[in-house]
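Chemist: I have a structure I would like to understand better, so I am pasting it below and will then ask my questions one at a time.
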Amino acid sequence: MTAESAGAVSGSKGTIRVLQLYPRDMNIYGDWGNALVLKQRISWHGYTPELLEYNVGDEFPADVDLIVGGGGQDSGQLVIQDDLQSRAGLLKELAEDGAPMLAICGLYQLFGRFFKTHLGTVIPGIGILDVETRGTDERLIGNVKVATEEFGEILGYENHSGQTTLGPGVRPLGTTAKGTGNNSSDGHEGARYKNVVASYLHGSLLPKNPAIADFLIRTAAERKFGTFEPGAPDDRFAVLAREHAARRPR
Ligand code: GLN
């Protein structure tokens, strides 16, 4: 596909369409910032970003290249559950086909098999990820450091009641060096499957962890254009944000 046929503006390497899932109901602790970082870094890499939103009842946009979804309270997860189920087939197909996706906290849980809330309500997930989540009366709150092979050290903030157990179909994103992550016993945080990255971390995640943003952008470009030509992102603020986040107490 030429840059022209991909809807590129002149001088651009092509357009990358980023879809934010349910920003109206699933968007806490600055998760919106993930979409903004992708937009900025896509531009820095010389591509044209197009930021789209999908909320309950909307028509699902065509030709989406990268999907991000944020966290939410149990009540927000209940609001989106039926609509999410109606999009399960489509989202699963995209994930299986290698579309890059970032699912944070509440949507991480619902990308899995189910989330049983601390009140006992079972919210079905869409089964992209082989994980199960059960709420408890203990909330896991605080700053987190995660060691990963793929993205180096990841920094963020967690606040969830759900404890997530990973099945054999996924691998953990990393190992928690500070904080809890998936659950109180395994010492793991997040999940990885194909080009899906799932994490409990807010903050938002991508401003402090540009390696993950660039992985998502690279994957989107390679999938769409067959190749990714990186640009020269300005990482000064990311470096400062990382230094600051790394100094925070739990
Ligand atoms: N409501 C879910 C929980 O408490 C997710 C929370 C979140 O997205 N921060 O586990």
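Lettering and numbering for the structure tokens are positional, with chains as A, B, ... in the shown order, residues counted from 1 in each chain, and ligands counted from 1 in the shown order.
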Given a cut-off of 8 Å, what residues near ligand 1 show up using only C-alpha atoms and all ligand atoms, put as a PyMOL selection string?
Modeler: chain A and resi 26+28-29+70-77+104-107+109+117+135+139+158-163+200+202
Chemist: Pick out the residues sitting within 12 Å of Gly174 of chain A, and hand them over as JSON, numbers by chain; count only C-alpha atoms, and ignore anything fewer than 4 positions along from it in its own chain.
Modeler: {"A": [144, 145, 146, 147, 148, 149, 150, 151, 152, 153, 154, 155, 170, 178, 180, 181, 182, 186, 187, 188, 189, 190, 191, 192, 197, 198, 199, 200, 201]}
Chemist: Mind checking DSSP for segment 71-229 of chain A and telling me the strand (DSSP E or B) residues as a VMD selection string?
Modeler: chain A and resid 101 to 104 114 to 116 122 to 124 131 to 148 152 to 166 171 to 178 188 to 193 196 to 199 202
Chemist: Could you pull out the residues in segment 149-245 of chain A that DSSP calls helix (DSSP H, G or I) from the backbone, as a VMD selection string?
Modeler: chain A and resid 205 to 208 210 to 225 236 to 245
Chemist: May I have the residues within 8 Å of segment 231-238 of chain A as a ChimeraX atom specification, using only C-alpha atoms and disregarding those fewer than 2 positions away in the same chain?
Modeler: /A:41,44-46,207-210,229,240-242
Chemist: Extract, using only C-alpha atoms, all DNA, RNA and protein residues at most 8 Å from Lys92 of chain A, discarding same-chain residues fewer than 5 positions from it, and format them as a list in words.
Modeler: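 The contact residues come out as Ile126, Gly127 and Ile128 of chain A.
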Chemist: Those same residues - C-alpha atoms - I'd like them written as a PDB file, in the first residue's frame.
Modeler:
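Below is the file that was written, part34.pdb:
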```
ATOM      1  CA  ILE A 126     -14.246 -11.168  25.839  1.00  0.00           C
ATOM      2  CA  GLY A 127     -11.571 -13.818  26.237  1.00  0.00           C
ATOM      3  CA  ILE A 128      -8.798 -12.232  24.192  1.00  0.00           C
TER       4      ILE A 128
END
```
Chemist: Between atom CA of Arg248 of chain A and atom CA of Gly203 of chain A, what distance in Å does the model show, to one decimal?
Modeler: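 One can read the atom CA of Arg248 of chain A to atom CA of Gly203 of chain A distance as 12.2 Å.
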Chemist: Could you state the separation of atom CA of Leu38 of chain A and atom CA of Gly98 of chain A in Å, given to one decimal place?
Modeler: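 Interatomic distance, atom CA of Leu38 of chain A to atom CA of Gly98 of chain A: 17.9 Å.
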Chemist: Go through A:Val196, A:Ile123, A:Ala99, A:Ala221 and flag the residue nearest Gln85 of chain A, using only C-alpha atoms for the distances.
Modeler: A:Ile123
Chemist: Can you pull out every residue within 8 Å of Gly112 of chain A, counting only C-alpha atoms, but drop anything in the same chain fewer than 2 positions away, and send it as a count of residues only?
Modeler: 14
Chemist: Identify which of the residues A:Val18, A:Lys194, A:Asn183, A:Tyr157 lies closest to Arg171 of chain A, counting only C-alpha atoms when measuring atom-to-atom distances.
Modeler: A:Lys194
Chemist: Which residue, A:Gly167, A:Arg250, A:Gly33, A:Glu93, has the smallest gap to Ile141 of chain A when you use only C-alpha atoms?
Modeler: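 For Ile141 of chain A, the nearest of the candidates is A:Arg250.
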